[in-house]
Amino acid sequence: MTEYIRVTLDLTGILQGVGFRPTLARLVATARLSGWTRNQSGCVRLVLAGEKTAVEMFIADLPANLPSQARLETMRVVSREPLPPDSTGEAFLILDSVSADKIRISIPADLAMCNACMREVLDRESRFYGYPFTTCTHCGPRYTVVETMPYDRERTSLKAFPLCHDCSLEYTDSFNRRFHAESIACPKCGPSLSFHDGEGRQVQGDPLRLARRALHDGKIVAVRGIGGFLLAADAFETEGLRTLREKKQRPAKPFAVMARNLDVVSQYCHLNDAQEEILRSSKAPIAILDLKEEFIHHEAFSMLAPHTGTLGVMLPTTPLHLLLAQALEGDDTPNLDLLMMTSGNRGGEPICISNEDAFERLRGIADYFLCHNREIRFRCDDSLVRYTAGKMRVLRRARGFAPTALRLHRPLRGKYLAFGADLKNTVALGFNGEIVMSPHIGDLETVPAIDGLERVIGKFPDYFHQQPNEIIVDMHPDMQSVRLGRQYAKRYGLPVREVQHHHAHAAGCMAEHGLETALGLVFDGTGYGTDGRIWGAELLHVFPGGFERMGTFKSASLPGGDAAVVHPVRQLIARWVDAGATVNEQWLKRLDITDEQFNLWRLQCEKRINTVQTHAAGRVFDAVSVLLGVSPNRISYEGQGAIWLEAVAKRCRERAVRLPYRAEIVKNRFEVDFSALFSNYASKAPDAEKVGALALGFHQAVIAAGTEMALFGRDMTGENRVVLSGGVMMNQIVAEGMNESLKSRGFEVFLPSLVPVNDGGISLGQIFAIGGKK
């Protein structure tokens, strides 16, 4: 006799905003079952009724039949009961969501345009032809339009656009891919574009065609995208790029580009399978690619990314971006193969998200504005990735990646809100067994940037219905993020915990890989140490409850403090002074400095006047870059000298010149000293023909020094696992070389891939360092 049952399940994971419930409806119909589903209490409640064998088979097969963006983490049986044959019902319903006090939310990041929507946008027979806001359950905005959870249309900015008859039919058709697609829209009922001049006055005409013509004519157009404004220009109009650099006061920092398709990308850049896959994916980040040799010195690419030999590339992420690049029938403006795309902001500020804000802050930069009326609730920049050590690794975690939670290998001890660092700032919220990082906020150098952080902090805990019981900040007393964290804690009566900067770096990588203990090699440009000095070339032994500092680079003087970072010539002079070297007068001409400047900086170092001591590896890169004539005397963006030095080393086809360093045990700590490297060239500048080999040799010296540090750590602790972190590990040569060197000596080596290796990962590491204790 056939048995009939009803099973009630609670499902958790990334199940909202990814087409999970519509997929359920289709699967249930195919299996000839009945029941209902809805979002509730931070999970998806699923009720199935039908023949016992069919219900059990459906449940067993469900994990293998999820939508591509969904992630099923737990499936708990709430109840199971027998049913009479005539009471199973015939329908499967998607019920309205319900809220509760204790909500566990996992919602995906915004998803790039899917292939099906792309085909419709370019198909003259489709009702979505040429429509820039076409989406379905597989793509479109999520995080940037949501107002509160659960994720349903009436809780997003799309609620301002009631569905037309055709969209309603698709929304309620369980076999349509727009079934319960909360961002569904069409030309009849959805958002629309508008085109404005440089003063914000609306210009009549087809907004897309006007924008495309302006771009073709070399103009700068501010484009309101999915998570904020971008400044766009034709990548081959070098005069326009030069003008934009002047207006943004961004003389050298690389600009990214949007390629019309992958064929365009492969025309100019080297492209492997992993890079192609990530560019095509729903995350669709900017990928840093190596330019082909014949284009490294091309005028346009030299203007886009001076002296790097690389290009940041993305594909169209929305129909709007596609329609900017791709000419539709009847449009006289040709295809735009490469469009420069950079953040729609002024230097140091967050990107604009509202039309009015863009008109005000981008006036004088943008010649035109391409706007729309779908409001952006949360700012979200483009993500940035790079292929390093055999894997794509996130360098800026934003659109496509955030705010997807990182699941931990065990639960946290409390609920935490971490305020991150001042550079590449992110915040993170930790609760239960997961940590949610905010999208990239940026450098906290301006009032608007700080306001941007405060806005995220004001909404993040409420958005996830998780209120922290502890606040975590960096140890540096003068960081803006620390001040804001302490203010927040005082306002809500919460305790504050401090985590040392490099401990947080190592802990972030350990959290991603599920490690309890490890050695950490953390190389970066700065970080406040427990002794009040600047650290940044650290060998740490990290364990639950804390860390031990076991090695570092010998300290060096920074005359003028932060001024020496911007003016790295000071750092080279300081290296010579610290080493007691006599400097040839020809160096002063070569470095374009006066006797007065040289004597002032020497005096500062000798007398420790307005001079701080730094152990940072990043500062060694700065000084070597100046020594070899690679870095400009004054840099205009963080890490400029090191990035240019890496590019020179990567292009070297000669045998590397072996450069000296000394390693010794000082007060039970392994110390690396590069003084001899600088002393050897105090009397004579390096041979210009050997600069590439010297640059490569320096990278190899850093790798060798790091390897020696790790070997010392293993000898002292018996720990064989090493995590690599810090901004210096964005350098491909160093990260890949260190990885290979350590593995060849039997170490297990871990690099972060989902968590930024730079300061963008600090907030996550802060939580794991405190809340991850057993």
# chains A, B, ... in the order shown; residues from 1 in each chain; ligands from 1

$ select_by_dssp --residues "region 533-691 of chain A" --states "strand (DSSP E or B)" --output "PyMOL selection string"
chain A and resi 534+537-543+546-553+556-559+611-614+662-666+669-673

$ closest_atom_pairs --of "region 371-484 of chain A" --to "region 229-241 of chain A" --cutoff "10 Å" --atoms "only C-alpha atoms" --output "tab-separated table"
residue	atom	partner	partner_atom	distance
A:Cys371	CA	A:Phe229	CA	8.8
A:Arg379	CA	A:Phe229	CA	9.4
A:Cys380	CA	A:Phe229	CA	9.7
A:Asp381	CA	A:Phe229	CA	8.9
A:Asp382	CA	A:Leu230	CA	9.7

$ residues_around --residues "region 157-161 of chain A" --least-positions-apart "2" --cutoff "12 Å" --atoms "only C-alpha atoms" --output "ChimeraX atom specification"
/A:133,140-148,151-155,163-164,167-168,181-192,373-378

$ residues_around --residues "Pro411 (chain A)" --least-positions-apart "4" --cutoff "8 Å" --atoms "only C-alpha atoms" --output "ChimeraX atom specification"
/A:431-434,772

$ write_last_selection --atoms "all heavy atoms" --output "JSON list (two decimals), in the first residue's frame"
[["chain", "number", "residue", "atom", "x", "y", "z"],
["A", 431, "PHE", "N", 28.98, 36.75, 13.90],
["A", 431, "PHE", "CA", 27.97, 36.16, 14.77],
["A", 431, "PHE", "C", 27.83, 34.68, 14.42],
["A", 431, "PHE", "O", 28.07, 34.26, 13.29],
["A", 431, "PHE", "CB", 26.62, 36.87, 14.61],
["A", 431, "PHE", "CG", 26.14, 36.98, 13.19],
["A", 431, "PHE", "CD1", 25.31, 36.04, 12.62],
["A", 431, "PHE", "CD2", 26.53, 38.07, 12.41],
["A", 431, "PHE", "CE1", 24.87, 36.14, 11.31],
["A", 431, "PHE", "CE2", 26.10, 38.19, 11.09],
["A", 431, "PHE", "CZ", 25.27, 37.23, 10.54],
["A", 432, "ASN", "N", 27.48, 33.89, 15.43],
["A", 432, "ASN", "CA", 27.34, 32.45, 15.26],
["A", 432, "ASN", "C", 28.61, 31.87, 14.63],
["A", 432, "ASN", "O", 29.68, 32.02, 15.17],
["A", 432, "ASN", "CB", 26.08, 32.13, 14.43],
["A", 432, "ASN", "CG", 24.82, 32.66, 15.10],
["A", 432, "ASN", "OD1", 24.76, 32.75, 16.32],
["A", 432, "ASN", "ND2", 23.83, 33.02, 14.31],
["A", 433, "GLY", "N", 28.49, 31.26, 13.46],
["A", 433, "GLY", "CA", 29.67, 30.66, 12.84],
["A", 433, "GLY", "C", 30.06, 31.35, 11.55],
["A", 433, "GLY", "O", 30.58, 30.69, 10.64],
["A", 434, "GLU", "N", 29.83, 32.66, 11.45],
["A", 434, "GLU", "CA", 30.14, 33.34, 10.21],
["A", 434, "GLU", "C", 30.56, 34.78, 10.46],
["A", 434, "GLU", "O", 30.28, 35.37, 11.51],
["A", 434, "GLU", "CB", 28.95, 33.31, 9.26],
["A", 434, "GLU", "CG", 27.70, 34.00, 9.77],
["A", 434, "GLU", "CD", 26.51, 33.72, 8.88],
["A", 434, "GLU", "OE1", 25.95, 32.60, 8.96],
["A", 434, "GLU", "OE2", 26.14, 34.62, 8.11],
["A", 772, "GLY", "N", 37.46, 34.02, 17.71],
["A", 772, "GLY", "CA", 37.80, 32.66, 17.32],
["A", 772, "GLY", "C", 38.52, 31.87, 18.38],
["A", 772, "GLY", "O", 38.86, 30.71, 18.17]]

$ residues_around --residues "region 685-690 of chain A" --least-positions-apart "2" --cutoff "10 Å" --atoms "only C-alpha atoms" --output "list in words"
Asn584, Gln586, Trp587, Arg590, Leu627, Leu628, Gly629, Cys652, Glu654, Arg655, Ala656, Val657, Asn680, Tyr681, Ala682, Ser683, Gly692, Ala693, Leu694, Ala695 and Leu696 of chain A

$ write_last_selection --atoms "C-alpha atoms" --output "PDB file, in the first residue's frame"
ATOM      1  CA  ASN A 584      78.663  60.471  -3.256  1.00  0.00           C
ATOM      2  CA  GLN A 586      76.549  62.783  -7.641  1.00  0.00           C
ATOM      3  CA  TRP A 587      73.631  61.140  -5.889  1.00  0.00           C
ATOM      4  CA  ARG A 590      70.571  62.198  -9.550  1.00  0.00           C
ATOM      5  CA  LEU A 627      67.881  53.576  -5.524  1.00  0.00           C
ATOM      6  CA  LEU A 628      67.336  51.933  -8.913  1.00  0.00           C
ATOM      7  CA  GLY A 629      65.781  55.042 -10.450  1.00  0.00           C
ATOM      8  CA  CYS A 652      63.759  41.183 -16.706  1.00  0.00           C
ATOM      9  CA  GLU A 654      68.564  38.328 -17.487  1.00  0.00           C
ATOM     10  CA  ARG A 655      69.958  36.425 -14.534  1.00  0.00           C
ATOM     11  CA  ALA A 656      69.103  38.251 -11.318  1.00  0.00           C
ATOM     12  CA  VAL A 657      71.889  40.040  -9.459  1.00  0.00           C
ATOM     13  CA  ASN A 680      77.163  49.062  -1.624  1.00  0.00           C
ATOM     14  CA  TYR A 681      75.655  51.786  -3.827  1.00  0.00           C
ATOM     15  CA  ALA A 682      76.305  54.884  -1.692  1.00  0.00           C
ATOM     16  CA  SER A 683      79.388  55.799  -3.697  1.00  0.00           C
ATOM     17  CA  GLY A 692      66.035  44.918 -14.236  1.00  0.00           C
ATOM     18  CA  ALA A 693      68.400  42.263 -12.887  1.00  0.00           C
ATOM     19  CA  LEU A 694      68.853  44.245  -9.672  1.00  0.00           C
ATOM     20  CA  ALA A 695      65.089  44.666  -9.265  1.00  0.00           C
ATOM     21  CA  LEU A 696      64.589  40.933  -9.710  1.00  0.00           C
TER      22      LEU A 696
END

$ closest_residue --among "A:Ser194, A:Asn739, A:Gln604, A:Ser438" --to "Ala211 (chain A)" --atoms "only C-alpha atoms"
A:Ser194

$ residues_around --residues "region 322-335 of chain A" --least-positions-apart "2" --cutoff "8 Å" --atoms "only C-alpha atoms" --output "list of chain:residue names"
A:Leu122, A:Gly130, A:Pro132, A:Leu208, A:Arg209, A:Ala211, A:Arg212, A:Arg213, A:His216, A:Ala259, A:Arg260, A:Pro316, A:Thr317, A:Thr318, A:Pro319, A:Leu320, A:Asp337, A:Leu338, A:Leu339

$ write_last_selection --atoms "all heavy atoms" --output "compact mmCIF listing (two decimals), in the first residue's frame"
# COMPACT_ATOMS: atom_id res chain seq x y z
N LEU A 122 19.84 42.04 -26.68
CA LEU A 122 20.33 42.24 -28.04
C LEU A 122 19.40 41.66 -29.11
O LEU A 122 19.71 41.73 -30.29
CB LEU A 122 21.72 41.60 -28.18
CG LEU A 122 22.81 42.16 -27.25
CD1 LEU A 122 24.12 41.41 -27.45
CD2 LEU A 122 23.02 43.65 -27.47
N GLY A 130 17.22 46.21 -25.89
CA GLY A 130 17.79 47.51 -25.60
C GLY A 130 17.44 48.06 -24.24
O GLY A 130 17.72 49.23 -23.96
N PRO A 132 18.10 48.65 -20.43
CA PRO A 132 19.31 48.59 -19.59
C PRO A 132 19.11 48.03 -18.19
O PRO A 132 20.10 47.87 -17.47
CB PRO A 132 19.76 50.05 -19.54
CG PRO A 132 18.52 50.84 -19.76
CD PRO A 132 17.66 50.03 -20.68
N LEU A 208 20.96 56.76 -24.02
CA LEU A 208 22.06 55.84 -24.33
C LEU A 208 22.83 56.30 -25.56
O LEU A 208 24.07 56.30 -25.56
CB LEU A 208 21.52 54.43 -24.56
CG LEU A 208 21.59 53.48 -23.35
CD1 LEU A 208 20.86 52.19 -23.66
CD2 LEU A 208 23.02 53.20 -22.96
N ARG A 209 22.12 56.69 -26.59
CA ARG A 209 22.81 57.12 -27.81
C ARG A 209 23.59 58.42 -27.58
O ARG A 209 24.69 58.58 -28.11
CB ARG A 209 21.80 57.29 -28.95
CG ARG A 209 21.21 55.95 -29.40
CD ARG A 209 20.49 56.07 -30.71
NE ARG A 209 19.96 54.77 -31.14
CZ ARG A 209 19.43 54.52 -32.33
NH1 ARG A 209 19.36 55.49 -33.23
NH2 ARG A 209 18.98 53.32 -32.62
N ALA A 211 24.92 59.32 -24.73
CA ALA A 211 26.09 58.96 -23.93
C ALA A 211 27.15 58.30 -24.79
O ALA A 211 28.35 58.60 -24.67
CB ALA A 211 25.68 58.05 -22.78
N ARG A 212 26.74 57.41 -25.69
CA ARG A 212 27.69 56.71 -26.55
C ARG A 212 28.39 57.69 -27.49
O ARG A 212 29.59 57.58 -27.74
CB ARG A 212 26.99 55.61 -27.35
CG ARG A 212 26.40 54.51 -26.48
CD ARG A 212 25.91 53.30 -27.29
NE ARG A 212 27.06 52.54 -27.78
CZ ARG A 212 27.50 52.54 -29.02
NH1 ARG A 212 26.88 53.26 -29.95
NH2 ARG A 212 28.54 51.82 -29.37
N ARG A 213 27.63 58.63 -28.02
CA ARG A 213 28.24 59.62 -28.91
C ARG A 213 29.23 60.48 -28.14
O ARG A 213 30.32 60.78 -28.64
CB ARG A 213 27.13 60.48 -29.54
CG ARG A 213 27.62 61.67 -30.38
CD ARG A 213 28.64 61.30 -31.42
NE ARG A 213 28.17 60.29 -32.36
CZ ARG A 213 28.91 59.79 -33.35
NH1 ARG A 213 30.19 60.17 -33.47
NH2 ARG A 213 28.42 58.89 -34.16
N HIS A 216 32.39 58.49 -27.62
CA HIS A 216 33.12 58.37 -28.89
C HIS A 216 33.85 59.66 -29.23
O HIS A 216 34.93 59.64 -29.83
CB HIS A 216 32.13 58.00 -30.00
CG HIS A 216 32.78 57.87 -31.35
ND1 HIS A 216 32.83 58.92 -32.27
CD2 HIS A 216 33.42 56.83 -31.94
CE1 HIS A 216 33.46 58.51 -33.35
NE2 HIS A 216 33.83 57.25 -33.18
N ALA A 259 36.03 45.99 -21.23
CA ALA A 259 36.14 45.50 -22.60
C ALA A 259 34.76 45.05 -23.08
O ALA A 259 33.98 44.48 -22.31
CB ALA A 259 37.13 44.34 -22.67
N ARG A 260 34.48 45.27 -24.35
CA ARG A 260 33.17 44.91 -24.89
C ARG A 260 32.93 43.41 -24.79
O ARG A 260 31.80 42.97 -24.54
CB ARG A 260 33.07 45.38 -26.34
CG ARG A 260 31.71 45.18 -26.99
CD ARG A 260 31.59 45.96 -28.29
NE ARG A 260 32.62 45.59 -29.24
CZ ARG A 260 32.50 44.60 -30.13
NH1 ARG A 260 31.38 43.87 -30.16
NH2 ARG A 260 33.46 44.30 -30.97
N PRO A 316 31.27 43.87 -19.39
CA PRO A 316 30.02 44.54 -19.00
C PRO A 316 29.29 43.75 -17.92
O PRO A 316 29.03 42.56 -18.08
CB PRO A 316 29.23 44.57 -20.31
CG PRO A 316 30.28 44.59 -21.38
CD PRO A 316 31.37 43.70 -20.85
N THR A 317 28.96 44.42 -16.83
CA THR A 317 28.36 43.74 -15.69
C THR A 317 26.84 43.85 -15.67
O THR A 317 26.17 43.08 -14.99
CB THR A 317 28.91 44.31 -14.38
OG1 THR A 317 28.69 45.74 -14.37
CG2 THR A 317 30.40 44.04 -14.26
N THR A 318 26.29 44.81 -16.40
CA THR A 318 24.85 45.01 -16.47
C THR A 318 24.46 45.28 -17.92
O THR A 318 25.33 45.63 -18.75
CB THR A 318 24.40 46.21 -15.61
OG1 THR A 318 24.84 47.42 -16.24
CG2 THR A 318 24.98 46.13 -14.20
N PRO A 319 23.19 45.16 -18.26
CA PRO A 319 22.78 45.55 -19.61
C PRO A 319 23.13 46.99 -19.95
O PRO A 319 23.44 47.29 -21.11
CB PRO A 319 21.26 45.33 -19.57
CG PRO A 319 21.06 44.26 -18.56
CD PRO A 319 22.08 44.54 -17.50
N LEU A 320 23.10 47.87 -18.96
CA LEU A 320 23.47 49.26 -19.21
C LEU A 320 24.90 49.35 -19.72
O LEU A 320 25.19 50.05 -20.71
CB LEU A 320 23.31 50.08 -17.92
CG LEU A 320 23.82 51.53 -17.98
CD1 LEU A 320 23.12 52.32 -19.07
CD2 LEU A 320 23.63 52.21 -16.61
N ASP A 337 35.12 49.39 -28.05
CA ASP A 337 35.75 48.15 -27.57
C ASP A 337 36.31 48.25 -26.16
O ASP A 337 36.20 47.31 -25.38
CB ASP A 337 36.87 47.73 -28.54
CG ASP A 337 36.33 47.01 -29.75
OD1 ASP A 337 35.12 46.71 -29.78
OD2 ASP A 337 37.11 46.75 -30.69
N LEU A 338 36.93 49.36 -25.84
CA LEU A 338 37.51 49.54 -24.51
C LEU A 338 37.06 50.89 -23.95
O LEU A 338 37.35 51.93 -24.56
CB LEU A 338 39.03 49.50 -24.56
CG LEU A 338 39.76 48.17 -24.56
CD1 LEU A 338 41.26 48.39 -24.52
CD2 LEU A 338 39.34 47.29 -23.38
N LEU A 339 36.39 50.85 -22.82
CA LEU A 339 36.01 52.07 -22.12
C LEU A 339 36.75 52.14 -20.80
O LEU A 339 36.73 51.18 -20.02
CB LEU A 339 34.50 52.09 -21.86
CG LEU A 339 33.60 52.32 -23.07
CD1 LEU A 339 32.14 52.16 -22.67
CD2 LEU A 339 33.84 53.70 -23.67

$ closest_residue --among "A:Thr134, A:Gln640, A:Asn355, A:Gln571" --to "Phe598 (chain A)" --atoms "only C-alpha atoms"
A:Gln571
